[in-house]
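Undergrad: Shown below is the structure under consideration.
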Protein chains: 2
Amino acid sequence: MSLRHALLGFLNYGPHTGYELKKVFDVSVAHFWNAELSQIYPTLKNLETEGLVEMEVEVQADRPNRKVYSITEDGRRELLDWLTTPAEPDQVREALLIKVWFGSSVKKGEIIPVLEKRASELRERLAGYAAAAGFVREYTARTEMQSEALFWQLTMDAGIKHSQAHLEWIEDTIKTLEKMGESQFSTPPESLHKMHTKWRVETLEKLKAGAELAFRGTEPTTTG
Amino acid sequence: MSLRHALLGFLNYGPHTGYELKKVFDVSVAHFWNAELSQIYPTLKNLETEGLVEMEVEVQADRPNRKVYSITEDGRRELLDWLTTPAEPDQVREALLIKVWFGSSVKKGEIIPVLEKRASELRERLAGYAAAAGFVREYTARTEMQSEALFWQLTMDAGIKHSQAHLEWIEDTIKTLEKMGESQFSTPPESLHKMHTKWRVETLEKLKAGAELAFRGTEPTTTG
DNA sequence: TCCAACATGTAACCGGTTACATGATTCA
DNA sequence: TGAATCATGTAACCGGTTACATGTTGGA
């Protein structure tokens with residue numbers, strides 16, 4: 001649960017209400033960590049009962065009162081502690097790869113549009129990053145906020161690099177699939193069954209060692 | 001929920017028990033889609049009540065009976081339908097990026113070990129991929145299973161490319177941080193507060209348009 | 001007139017993980 | 001002797017999303 005710590009992080013900049021924090025999330029870290037109001041409100045309440053933040057009510061007429069949260073010394077300690085502790089690798093869950101994995105179960109032409117759809121989404125996203133990056137660069141050049149903006153830039157770079165790599169993979173994959181003959185595809189179920197049985201018994205067994213190194217190797221190294 | 005469809009995908013190769021399916025997951029798609037037995041069993045039961053799979057009990061002495069599941073025609077239709085429908089972009093959640101985002105809240109030296117830890121994990125992972133890829137190539141060359149293995153190879157390529165991009169970003173980031181002067185760091189809370197207030201009001205407002213394009217642009221295009 | 005913004009929340013659900021329960025067999 | 005494999009499950013929890021509830025103000 002990093003939402004707690006993300007909230008502490010923003011409150012370390014200064015006091016905010018839950019509503020404000022949602023907006024801050026949306027224009028800053030939303031590309032790698034979304035947060036809903038319905039989750040922010042109870043989380044702030046929890047942080048308060050734990051003594052990591054303090055709340056002050058600002059009475060308002062004709063509107064619900066604002067509940068302004070500030071970080072406490074305990075909260076600041078907790079935040080700095082968390083920030084300097086290595087993060088557990090957040091595990092991947094990519095439905096697209098499942099579709100590719102079972103690509104041999106459908107006709108050749110049918111998996112490519114799925115990839116092309118994702119490719120066009122990624123191109124849009126990269127264009128958006130480019131626009132946002134322009135703003136950041138422009139602003140940083142004219143203010144004394146280089147440090148803050150640098151870290152912002154760094155997380156955007158991560159998003160860009162990730163999107164680019166993903167896009168390249170999709171483009172390569174489409175090319176590979178297009179080069180392939182139609183022959184191996186739409187194998188009738190019975191033969192697929194036989195193939196798989198053999199595949200399972202022979203290949204999977206042999207691959208276990210390599211796979212374990214690749215897929216499990218980093219898991220035990222995780223840290224809170 | 002792609003677990004349903006992943007299970008259908010493997011059952012389309014041939015009948016399996018839940019226990020077997022877990023093992024198949026572990027040596028094949030675990031690098032991008034983990035599955036626990038405690039989730040597989042009830043999911044299979046659900047698929048059965050929906051008529052997408054059928055179950056046959058194999059009585060065993062001294063062991064719990066094996067429940068062997070097979071895909072039905074309805075299940076096969078559902079699978080092929082899902083496979084050829086574009087995937088919703090599974091949204092990113094990277095705790096490491098939160099730590100980097102708030103990197104200006106800690107002393108310069110303190111965020112680098114966090115990055116280095118992740119870097120070494122990624123190098124391990126890449127070594128594992130290399131080993132597994134070797135096995136796949138070797139085996140594919142000697143069997144008639146090129147098609148199946150190709151799709152396997154493709155998902156591994158995705159993992160490799162992703163890991164490489166992530167690693168490169170980390171290495172670049174470490175270099176950038178090391179090049180920076182100590183000056184901007186450990187800004188005392190009060191000044192940070194002022195900085196952030198200004199930053200929030202001016203920068204965040206201006207960035208909104210760009211950010212929205214980048215971070216929200218692809219969301220409405222999602223499809224189940 | 002209608003929608004967005006302000007401002008707070010609760011409740012139901014959902015996919016997934018961790019822990020718990022049972023118990024024989026085989027191999028080191 | 002003790003761990004791993006075979007084989008099935010349940011229950012509690014957890015982080016997060018979606019839907020629901022309320023009500024004003026100000027601008028297009």
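Ordering of the structure tokens sets the chain letters (A, B, ...); residue numbers start at 1 within each chain; ligands are numbered from 1 in the order shown.
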Tell me as a PyMOL selection string which residues belonging to chain C come within 8 Å of chain B, counting only C-alpha atoms (C1' of nucleotides).

TA: chain C and resi 15-16+24

Undergrad: Do me a favour and pick out the residues of chain D within 12 Å of chain B, using only C-alpha atoms (C1' of nucleotides), as a short mmCIF file (atom, residue, chain, number, x, y, z; two decimals) with N, CA and C atoms (P, O5', C5', C4', C3', O3' and C1' of nucleotides), in the first residue's frame.

TA:
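New file selection12.cif:
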```cif
data_model
loop_
_atom_site.label_atom_id
_atom_site.label_comp_id
_atom_site.auth_asym_id
_atom_site.auth_seq_id
_atom_site.Cartn_x
_atom_site.Cartn_y
_atom_site.Cartn_z
P DT D 5 8.78 -30.24 -4.94
"O5'" DT D 5 7.67 -31.36 -5.15
"C5'" DT D 5 8.07 -32.70 -5.43
"C4'" DT D 5 6.82 -33.56 -5.55
"C3'" DT D 5 5.66 -32.86 -6.27
"O3'" DT D 5 5.19 -33.74 -7.28
"C1'" DT D 5 4.93 -33.77 -4.23
P DC D 6 4.03 -33.40 -8.28
"O5'" DC D 6 2.77 -34.07 -7.57
"C5'" DC D 6 2.63 -35.50 -7.56
"C4'" DC D 6 1.39 -35.85 -6.77
"C3'" DC D 6 0.10 -35.22 -7.32
"O3'" DC D 6 -0.86 -36.25 -7.54
"C1'" DC D 6 0.29 -34.87 -5.00
P DA D 7 -2.00 -36.05 -8.59
"O5'" DA D 7 -2.91 -34.97 -7.84
"C5'" DA D 7 -4.04 -35.42 -7.11
"C4'" DA D 7 -4.66 -34.33 -6.29
"C3'" DA D 7 -4.95 -32.96 -6.93
"O3'" DA D 7 -6.18 -33.00 -7.62
"C1'" DA D 7 -4.50 -32.88 -4.55
P DT D 8 -6.90 -31.59 -8.08
"O5'" DT D 8 -7.61 -31.08 -6.74
"C5'" DT D 8 -8.61 -31.91 -6.15
"C4'" DT D 8 -9.01 -31.41 -4.79
"C3'" DT D 8 -9.69 -30.06 -4.77
"O3'" DT D 8 -11.08 -30.18 -4.93
"C1'" DT D 8 -8.22 -30.40 -2.89
P DG D 9 -11.92 -28.99 -5.48
"O5'" DG D 9 -11.59 -27.83 -4.44
"C5'" DG D 9 -12.56 -27.62 -3.51
"C4'" DG D 9 -11.97 -27.28 -2.14
"C3'" DG D 9 -12.35 -25.89 -1.68
"O3'" DG D 9 -13.69 -25.90 -1.28
"C1'" DG D 9 -10.22 -26.64 -0.84
P DT D 10 -14.40 -24.48 -1.16
"O5'" DT D 10 -13.95 -23.99 0.30
"C5'" DT D 10 -14.14 -24.84 1.41
"C4'" DT D 10 -13.69 -24.08 2.65
"C3'" DT D 10 -14.35 -22.72 2.81
"O3'" DT D 10 -14.70 -22.58 4.18
"C1'" DT D 10 -11.99 -22.46 2.73
P DA D 11 -15.55 -21.31 4.63
"O5'" DA D 11 -14.42 -20.31 5.14
"C5'" DA D 11 -13.40 -20.77 6.03
"C4'" DA D 11 -12.65 -19.58 6.58
"C3'" DA D 11 -13.47 -18.30 6.62
"O3'" DA D 11 -13.11 -17.60 7.80
"C1'" DA D 11 -11.60 -17.99 5.19
P DG D 15 -3.47 -3.01 2.40
"O5'" DG D 15 -3.48 -2.35 0.96
"C5'" DG D 15 -2.86 -3.02 -0.13
"C4'" DG D 15 -3.63 -2.71 -1.39
"C3'" DG D 15 -3.97 -1.25 -1.57
"O3'" DG D 15 -3.49 -0.88 -2.84
"C1'" DG D 15 -5.91 -2.60 -1.88
P DG D 16 -3.62 0.62 -3.39
"O5'" DG D 16 -4.93 0.50 -4.27
"C5'" DG D 16 -5.00 -0.51 -5.29
"C4'" DG D 16 -6.38 -0.56 -5.89
"C3'" DG D 16 -7.01 0.80 -6.19
"O3'" DG D 16 -7.20 0.92 -7.59
"C1'" DG D 16 -8.57 -0.68 -5.16
#
```

Undergrad: Quick one: distance from CA of Ala165 in chain B to CA of Trp82 in chain A in Å, one decimal?

TA: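 Between CA of Ala165 in chain B and CA of Trp82 in chain A the gap is 25.1 Å.
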
Undergrad: Using only C-alpha atoms (C1' of nucleotides), determine which residues lie at most 12 Å from DT22 in chain D, disregarding the query and same-chain residues fewer than 2 positions distant; provide the list as a PyMOL selection string.

TA: (chain A and resi 63-64) or (chain C and resi 7-10) or (chain D and resi 20+24)

Undergrad: I need the strand (DSSP E) residues of range 22-208 of chain B per DSSP on the backbone, written as a short mmCIF file (atom, residue, chain, number, x, y, z; two decimals) with N, CA, C and O atoms, in the first residue's frame.

TA:
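And here's out_13.cif as it stands now:
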```
data_model
loop_
_atom_site.label_atom_id
_atom_site.label_comp_id
_atom_site.auth_asym_id
_atom_site.auth_seq_id
_atom_site.Cartn_x
_atom_site.Cartn_y
_atom_site.Cartn_z
N VAL B 53 -16.60 -24.82 -19.17
CA VAL B 53 -15.76 -26.02 -19.03
C VAL B 53 -16.60 -27.15 -18.44
O VAL B 53 -17.66 -26.90 -17.85
N GLU B 54 -16.10 -28.38 -18.62
CA GLU B 54 -16.75 -29.54 -18.03
C GLU B 54 -15.76 -30.24 -17.11
O GLU B 54 -14.56 -30.19 -17.34
N MET B 55 -16.29 -30.92 -16.08
CA MET B 55 -15.41 -31.56 -15.11
C MET B 55 -15.72 -33.04 -15.02
O MET B 55 -16.89 -33.45 -15.06
N GLU B 56 -14.66 -33.84 -14.92
CA GLU B 56 -14.83 -35.27 -14.73
C GLU B 56 -13.93 -35.70 -13.58
O GLU B 56 -12.76 -35.34 -13.53
N VAL B 57 -14.51 -36.48 -12.69
CA VAL B 57 -13.75 -36.91 -11.52
C VAL B 57 -12.99 -38.20 -11.82
O VAL B 57 -13.56 -39.15 -12.34
N GLU B 58 -11.70 -38.18 -11.54
CA GLU B 58 -10.89 -39.40 -11.64
C GLU B 58 -10.64 -39.89 -10.23
O GLU B 58 -9.87 -39.29 -9.48
N ARG B 66 -8.83 -36.62 -8.51
CA ARG B 66 -8.46 -35.59 -9.46
C ARG B 66 -9.72 -35.09 -10.16
O ARG B 66 -10.57 -35.87 -10.58
N LYS B 67 -9.84 -33.77 -10.28
CA LYS B 67 -10.96 -33.20 -11.02
C LYS B 67 -10.42 -32.66 -12.34
O LYS B 67 -9.78 -31.62 -12.38
N VAL B 68 -10.68 -33.39 -13.38
CA VAL B 68 -10.12 -33.03 -14.69
C VAL B 68 -11.10 -32.17 -15.46
O VAL B 68 -12.23 -32.57 -15.72
N TYR B 69 -10.66 -30.98 -15.83
CA TYR B 69 -11.52 -30.02 -16.53
C TYR B 69 -11.20 -30.01 -18.02
O TYR B 69 -10.05 -30.08 -18.43
N SER B 70 -12.26 -29.94 -18.84
CA SER B 70 -12.09 -29.80 -20.29
C SER B 70 -12.91 -28.60 -20.75
O SER B 70 -13.94 -28.26 -20.18
N ILE B 71 -12.44 -27.97 -21.83
CA ILE B 71 -13.15 -26.82 -22.37
C ILE B 71 -14.35 -27.30 -23.19
O ILE B 71 -14.30 -28.36 -23.82
#
```

Undergrad: Env of Pro113 in chain A: 10 Å cut, atoms = only C-alpha atoms (C1' of nucleotides), seq-sep filter 6 positions within chain, self excluded. Answer as a PyMOL selection string.

TA: (chain A and resi 119+174) or (chain B and resi 84-86)

Undergrad: Here is a test: counting only C-alpha atoms, which residue of A:Leu52, A:Leu47, A:Ala87, A:Met156 is nearest to chain B?

TA: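 Of all the options, A:Ala87 lies closest to chain B.
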
Undergrad: Range 5-188 of chain B: which residues are alpha helix (DSSP H) by DSSP, as a short mmCIF file (atom, residue, chain, number, x, y, z; two decimals) with N, CA and C atoms, in the first residue's frame?

TA:
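The new file out28.cif reads:
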```cif
data_model
loop_
_atom_site.label_atom_id
_atom_site.label_comp_id
_atom_site.auth_asym_id
_atom_site.auth_seq_id
_atom_site.Cartn_x
_atom_site.Cartn_y
_atom_site.Cartn_z
N HIS B 5 -9.78 -16.44 -18.65
CA HIS B 5 -9.43 -16.67 -20.04
C HIS B 5 -8.10 -17.39 -20.20
N ALA B 6 -7.19 -17.12 -19.29
CA ALA B 6 -5.93 -17.85 -19.33
C ALA B 6 -6.20 -19.34 -19.08
N LEU B 7 -7.08 -19.63 -18.13
CA LEU B 7 -7.43 -21.02 -17.85
C LEU B 7 -8.08 -21.66 -19.07
N LEU B 8 -9.01 -20.93 -19.69
CA LEU B 8 -9.65 -21.43 -20.91
C LEU B 8 -8.59 -21.70 -21.97
N GLY B 9 -7.63 -20.80 -22.08
CA GLY B 9 -6.57 -20.95 -23.07
C GLY B 9 -5.80 -22.24 -22.89
N PHE B 10 -5.42 -22.54 -21.67
CA PHE B 10 -4.65 -23.76 -21.43
C PHE B 10 -5.53 -25.00 -21.57
N LEU B 11 -6.79 -24.88 -21.17
CA LEU B 11 -7.70 -26.02 -21.33
C LEU B 11 -8.01 -26.28 -22.80
N GLY B 18 -6.79 -28.56 -11.74
CA GLY B 18 -6.36 -27.27 -11.22
C GLY B 18 -4.89 -27.29 -10.82
N TYR B 19 -4.52 -28.37 -10.17
CA TYR B 19 -3.15 -28.53 -9.71
C TYR B 19 -2.16 -28.48 -10.88
N GLU B 20 -2.53 -29.17 -11.97
CA GLU B 20 -1.67 -29.16 -13.16
C GLU B 20 -1.60 -27.77 -13.76
N LEU B 21 -2.73 -27.10 -13.81
CA LEU B 21 -2.77 -25.76 -14.40
C LEU B 21 -1.84 -24.81 -13.66
N LYS B 22 -1.80 -24.95 -12.35
CA LYS B 22 -0.89 -24.11 -11.56
C LYS B 22 0.55 -24.31 -12.02
N LYS B 23 0.91 -25.56 -12.25
CA LYS B 23 2.29 -25.85 -12.67
C LYS B 23 2.55 -25.29 -14.07
N VAL B 24 1.55 -25.43 -14.93
CA VAL B 24 1.69 -24.88 -16.28
C VAL B 24 1.90 -23.36 -16.21
N PHE B 25 1.11 -22.70 -15.39
CA PHE B 25 1.29 -21.26 -15.19
C PHE B 25 2.72 -20.94 -14.77
N ASP B 26 3.20 -21.71 -13.78
CA ASP B 26 4.49 -21.38 -13.19
C ASP B 26 5.65 -21.47 -14.16
N VAL B 27 5.57 -22.40 -15.10
CA VAL B 27 6.69 -22.53 -16.03
C VAL B 27 6.43 -21.86 -17.37
N LEU B 37 -3.23 -21.29 -6.51
CA LEU B 37 -4.18 -22.40 -6.47
C LEU B 37 -5.49 -21.96 -5.84
N SER B 38 -5.38 -21.17 -4.79
CA SER B 38 -6.58 -20.75 -4.06
C SER B 38 -7.49 -19.88 -4.92
N GLN B 39 -6.97 -19.40 -6.04
CA GLN B 39 -7.80 -18.64 -6.97
C GLN B 39 -8.22 -19.51 -8.14
N ILE B 40 -7.34 -20.43 -8.52
CA ILE B 40 -7.62 -21.29 -9.67
C ILE B 40 -8.83 -22.20 -9.39
N TYR B 41 -8.83 -22.83 -8.21
CA TYR B 41 -9.91 -23.78 -7.91
C TYR B 41 -11.30 -23.15 -8.01
N PRO B 42 -11.58 -22.07 -7.26
CA PRO B 42 -12.92 -21.49 -7.37
C PRO B 42 -13.23 -20.96 -8.77
N THR B 43 -12.20 -20.46 -9.49
CA THR B 43 -12.44 -19.94 -10.84
C THR B 43 -12.89 -21.07 -11.77
N LEU B 44 -12.25 -22.23 -11.64
CA LEU B 44 -12.65 -23.38 -12.45
C LEU B 44 -14.10 -23.76 -12.14
N LYS B 45 -14.44 -23.72 -10.86
CA LYS B 45 -15.80 -24.05 -10.45
C LYS B 45 -16.80 -23.09 -11.11
N ASN B 46 -16.45 -21.81 -11.11
CA ASN B 46 -17.32 -20.81 -11.74
C ASN B 46 -17.48 -21.09 -13.23
N LEU B 47 -16.35 -21.34 -13.89
CA LEU B 47 -16.38 -21.62 -15.32
C LEU B 47 -17.28 -22.82 -15.60
N GLU B 48 -17.28 -23.78 -14.68
CA GLU B 48 -18.11 -24.97 -14.86
C GLU B 48 -19.60 -24.60 -14.77
N THR B 49 -19.95 -23.82 -13.76
CA THR B 49 -21.37 -23.46 -13.62
C THR B 49 -21.82 -22.59 -14.79
N GLU B 73 -17.61 -26.28 -26.09
CA GLU B 73 -17.71 -25.46 -27.30
C GLU B 73 -17.99 -23.99 -26.93
N ASP B 74 -18.86 -23.81 -25.94
CA ASP B 74 -19.14 -22.45 -25.45
C ASP B 74 -17.86 -21.79 -24.94
N GLY B 75 -17.08 -22.56 -24.23
CA GLY B 75 -15.84 -22.05 -23.67
C GLY B 75 -14.88 -21.66 -24.77
N ARG B 76 -14.79 -22.49 -25.80
CA ARG B 76 -13.88 -22.22 -26.91
C ARG B 76 -14.31 -20.93 -27.62
N ARG B 77 -15.63 -20.78 -27.77
CA ARG B 77 -16.14 -19.57 -28.42
C ARG B 77 -15.78 -18.33 -27.60
N GLU B 78 -16.02 -18.45 -26.30
CA GLU B 78 -15.69 -17.35 -25.37
C GLU B 78 -14.20 -17.00 -25.45
N LEU B 79 -13.36 -18.02 -25.48
CA LEU B 79 -11.91 -17.80 -25.53
C LEU B 79 -11.51 -17.06 -26.81
N LEU B 80 -11.96 -17.58 -27.94
CA LEU B 80 -11.56 -16.98 -29.22
C LEU B 80 -12.07 -15.54 -29.31
N ASP B 81 -13.24 -15.34 -28.77
CA ASP B 81 -13.81 -14.00 -28.75
C ASP B 81 -12.92 -13.05 -27.94
N TRP B 82 -12.52 -13.52 -26.77
CA TRP B 82 -11.70 -12.68 -25.90
C TRP B 82 -10.33 -12.42 -26.51
N LEU B 83 -9.76 -13.46 -27.10
CA LEU B 83 -8.41 -13.33 -27.66
C LEU B 83 -8.35 -12.28 -28.77
N ALA B 95 5.57 1.63 -7.35
CA ALA B 95 5.95 2.25 -6.09
C ALA B 95 7.33 2.91 -6.20
N LEU B 96 8.20 2.31 -7.00
CA LEU B 96 9.55 2.88 -7.16
C LEU B 96 9.47 4.32 -7.67
N LEU B 97 8.53 4.58 -8.57
CA LEU B 97 8.42 5.92 -9.13
C LEU B 97 7.91 6.92 -8.09
N ILE B 98 7.11 6.45 -7.15
CA ILE B 98 6.70 7.35 -6.07
C ILE B 98 7.93 7.76 -5.27
N LYS B 99 8.80 6.79 -5.01
CA LYS B 99 10.02 7.11 -4.25
C LYS B 99 10.87 8.11 -5.02
N VAL B 100 10.95 7.93 -6.34
CA VAL B 100 11.74 8.87 -7.14
C VAL B 100 11.07 10.24 -7.16
N TRP B 101 9.75 10.23 -7.32
CA TRP B 101 9.00 11.49 -7.34
C TRP B 101 9.33 12.34 -6.12
N LYS B 108 20.48 13.66 -0.99
CA LYS B 108 20.91 13.15 -2.28
C LYS B 108 21.33 11.68 -2.24
N GLY B 109 22.19 11.34 -1.31
CA GLY B 109 22.75 10.00 -1.29
C GLY B 109 21.73 8.92 -1.01
N GLU B 110 20.60 9.31 -0.44
CA GLU B 110 19.70 8.29 0.12
C GLU B 110 18.78 7.62 -0.88
N ILE B 111 18.57 8.25 -2.02
CA ILE B 111 17.65 7.64 -2.98
C ILE B 111 18.39 6.69 -3.94
N ILE B 112 19.68 6.87 -4.08
CA ILE B 112 20.45 6.08 -5.05
C ILE B 112 20.50 4.58 -4.71
N PRO B 113 20.71 4.20 -3.44
CA PRO B 113 20.71 2.76 -3.14
C PRO B 113 19.39 2.08 -3.49
N VAL B 114 18.30 2.81 -3.36
CA VAL B 114 16.99 2.27 -3.73
C VAL B 114 16.98 1.91 -5.22
N LEU B 115 17.55 2.80 -6.01
CA LEU B 115 17.62 2.56 -7.45
C LEU B 115 18.59 1.42 -7.78
N GLU B 116 19.69 1.39 -7.03
CA GLU B 116 20.69 0.36 -7.31
C GLU B 116 20.17 -1.03 -6.97
N LYS B 117 19.40 -1.10 -5.92
CA LYS B 117 18.78 -2.39 -5.55
C LYS B 117 17.93 -2.90 -6.71
N ARG B 118 17.08 -2.03 -7.25
CA ARG B 118 16.22 -2.44 -8.34
C ARG B 118 17.05 -2.82 -9.57
N ALA B 119 18.12 -2.06 -9.81
CA ALA B 119 18.97 -2.34 -10.96
C ALA B 119 19.53 -3.75 -10.87
N SER B 120 19.98 -4.14 -9.69
CA SER B 120 20.58 -5.47 -9.57
C SER B 120 19.52 -6.55 -9.72
N GLU B 121 18.32 -6.28 -9.26
CA GLU B 121 17.23 -7.24 -9.46
C GLU B 121 16.96 -7.43 -10.95
N LEU B 122 16.97 -6.31 -11.68
CA LEU B 122 16.69 -6.39 -13.11
C LEU B 122 17.80 -7.13 -13.86
N ARG B 123 19.03 -6.93 -13.43
CA ARG B 123 20.13 -7.64 -14.09
C ARG B 123 20.00 -9.14 -13.88
N GLU B 124 19.63 -9.54 -12.67
CA GLU B 124 19.37 -10.96 -12.38
C GLU B 124 18.28 -11.50 -13.30
N ARG B 125 17.23 -10.73 -13.38
CA ARG B 125 16.08 -11.14 -14.18
C ARG B 125 16.46 -11.31 -15.64
N LEU B 126 17.24 -10.37 -16.15
CA LEU B 126 17.68 -10.45 -17.55
C LEU B 126 18.55 -11.67 -17.78
N ALA B 127 19.39 -11.99 -16.81
CA ALA B 127 20.21 -13.19 -16.92
C ALA B 127 19.31 -14.43 -16.99
N GLY B 128 18.28 -14.44 -16.18
CA GLY B 128 17.33 -15.55 -16.20
C GLY B 128 16.64 -15.68 -17.53
N TYR B 129 16.21 -14.56 -18.07
CA TYR B 129 15.57 -14.57 -19.38
C TYR B 129 16.52 -15.16 -20.42
N ALA B 130 17.78 -14.73 -20.36
CA ALA B 130 18.76 -15.21 -21.33
C ALA B 130 18.87 -16.73 -21.26
N ALA B 131 18.91 -17.25 -20.04
CA ALA B 131 19.00 -18.70 -19.86
C ALA B 131 17.77 -19.39 -20.44
N ALA B 132 16.59 -18.90 -20.09
CA ALA B 132 15.34 -19.50 -20.56
C ALA B 132 15.25 -19.41 -22.08
N ALA B 133 15.66 -18.27 -22.63
CA ALA B 133 15.59 -18.07 -24.08
C ALA B 133 16.46 -19.09 -24.78
N GLY B 134 17.62 -19.38 -24.20
CA GLY B 134 18.50 -20.38 -24.77
C GLY B 134 17.81 -21.73 -24.88
N PHE B 135 17.17 -22.15 -23.81
CA PHE B 135 16.43 -23.41 -23.81
C PHE B 135 15.37 -23.43 -24.91
N VAL B 136 14.61 -22.33 -25.00
CA VAL B 136 13.53 -22.29 -25.98
C VAL B 136 14.08 -22.44 -27.38
N ARG B 137 15.12 -21.67 -27.68
CA ARG B 137 15.70 -21.71 -29.03
C ARG B 137 16.17 -23.12 -29.37
N GLU B 138 16.88 -23.71 -28.41
CA GLU B 138 17.43 -25.05 -28.60
C GLU B 138 16.32 -26.05 -28.89
N TYR B 139 15.28 -25.97 -28.10
CA TYR B 139 14.20 -26.94 -28.25
C TYR B 139 13.43 -26.74 -29.54
N THR B 140 13.11 -25.48 -29.84
CA THR B 140 12.35 -25.19 -31.05
C THR B 140 13.05 -25.72 -32.28
N ALA B 141 14.36 -25.62 -32.30
CA ALA B 141 15.12 -26.04 -33.47
C ALA B 141 14.96 -27.53 -33.72
N GLN B 146 7.32 -25.16 -33.68
CA GLN B 146 7.75 -23.77 -33.91
C GLN B 146 6.68 -22.74 -33.56
N SER B 147 5.45 -23.04 -33.92
CA SER B 147 4.41 -22.03 -33.74
C SER B 147 4.18 -21.74 -32.26
N GLU B 148 3.98 -22.77 -31.47
CA GLU B 148 3.78 -22.59 -30.03
C GLU B 148 4.97 -21.85 -29.42
N ALA B 149 6.16 -22.33 -29.77
CA ALA B 149 7.36 -21.76 -29.17
C ALA B 149 7.56 -20.32 -29.60
N LEU B 150 7.15 -20.01 -30.80
CA LEU B 150 7.30 -18.63 -31.27
C LEU B 150 6.53 -17.67 -30.37
N PHE B 151 5.29 -18.03 -30.05
CA PHE B 151 4.49 -17.15 -29.22
C PHE B 151 5.06 -17.05 -27.80
N TRP B 152 5.64 -18.14 -27.39
CA TRP B 152 6.32 -18.13 -26.11
C TRP B 152 7.48 -17.13 -26.17
N GLN B 153 8.28 -17.31 -27.22
CA GLN B 153 9.43 -16.42 -27.42
C GLN B 153 9.00 -14.96 -27.44
N LEU B 154 7.88 -14.69 -28.08
CA LEU B 154 7.42 -13.31 -28.19
C LEU B 154 7.12 -12.70 -26.83
N THR B 155 6.48 -13.47 -25.95
CA THR B 155 6.18 -12.90 -24.63
C THR B 155 7.46 -12.73 -23.80
N MET B 156 8.42 -13.60 -24.05
CA MET B 156 9.70 -13.42 -23.35
C MET B 156 10.41 -12.18 -23.87
N ASP B 157 10.35 -11.97 -25.17
CA ASP B 157 10.94 -10.76 -25.74
C ASP B 157 10.34 -9.51 -25.09
N ALA B 158 9.04 -9.54 -24.85
CA ALA B 158 8.38 -8.41 -24.21
C ALA B 158 9.00 -8.17 -22.83
N GLY B 159 9.16 -9.25 -22.07
CA GLY B 159 9.74 -9.14 -20.74
C GLY B 159 11.16 -8.60 -20.80
N ILE B 160 11.93 -9.10 -21.75
CA ILE B 160 13.32 -8.66 -21.89
C ILE B 160 13.38 -7.18 -22.23
N LYS B 161 12.59 -6.80 -23.20
CA LYS B 161 12.61 -5.41 -23.65
C LYS B 161 12.18 -4.47 -22.50
N HIS B 162 11.16 -4.89 -21.79
CA HIS B 162 10.68 -4.08 -20.69
C HIS B 162 11.76 -3.95 -19.61
N SER B 163 12.38 -5.06 -19.26
CA SER B 163 13.41 -5.04 -18.22
C SER B 163 14.59 -4.18 -18.64
N GLN B 164 14.98 -4.32 -19.91
CA GLN B 164 16.11 -3.53 -20.40
C GLN B 164 15.82 -2.04 -20.33
N ALA B 165 14.62 -1.67 -20.78
CA ALA B 165 14.26 -0.25 -20.77
C ALA B 165 14.26 0.29 -19.35
N HIS B 166 13.71 -0.51 -18.44
CA HIS B 166 13.65 -0.09 -17.05
C HIS B 166 15.06 0.07 -16.47
N LEU B 167 15.90 -0.89 -16.79
CA LEU B 167 17.28 -0.85 -16.29
C LEU B 167 18.03 0.36 -16.83
N GLU B 168 17.86 0.61 -18.12
CA GLU B 168 18.53 1.77 -18.72
C GLU B 168 18.07 3.06 -18.04
N TRP B 169 16.78 3.14 -17.78
CA TRP B 169 16.26 4.34 -17.12
C TRP B 169 16.89 4.51 -15.75
N ILE B 170 16.99 3.42 -15.02
CA ILE B 170 17.59 3.49 -13.68
C ILE B 170 19.04 3.94 -13.76
N GLU B 171 19.78 3.36 -14.70
CA GLU B 171 21.19 3.73 -14.83
C GLU B 171 21.34 5.20 -15.19
N ASP B 172 20.51 5.67 -16.12
CA ASP B 172 20.54 7.09 -16.49
C ASP B 172 20.19 7.96 -15.28
N THR B 173 19.19 7.54 -14.54
CA THR B 173 18.73 8.32 -13.40
C THR B 173 19.82 8.44 -12.34
N ILE B 174 20.48 7.32 -12.07
CA ILE B 174 21.57 7.34 -11.09
C ILE B 174 22.65 8.33 -11.53
N LYS B 175 23.00 8.26 -12.83
CA LYS B 175 24.02 9.18 -13.35
C LYS B 175 23.58 10.63 -13.16
N THR B 176 22.33 10.92 -13.53
CA THR B 176 21.81 12.29 -13.40
C THR B 176 21.90 12.77 -11.96
N LEU B 177 21.49 11.91 -11.04
CA LEU B 177 21.48 12.31 -9.64
C LEU B 177 22.90 12.51 -9.11
N GLU B 178 23.82 11.66 -9.59
CA GLU B 178 25.20 11.80 -9.14
C GLU B 178 25.84 13.08 -9.65
N LYS B 179 25.42 13.50 -10.85
CA LYS B 179 25.98 14.72 -11.44
C LYS B 179 25.49 15.97 -10.72
#
```

Undergrad: Name the closest residue to chain A among the candidates B:His16, B:Thr72, B:Val92, B:Arg4; distances are taken between atoms, counting only C-alpha atoms.

TA: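 Using only C-alpha atoms, chain A sits closest to B:Val92.
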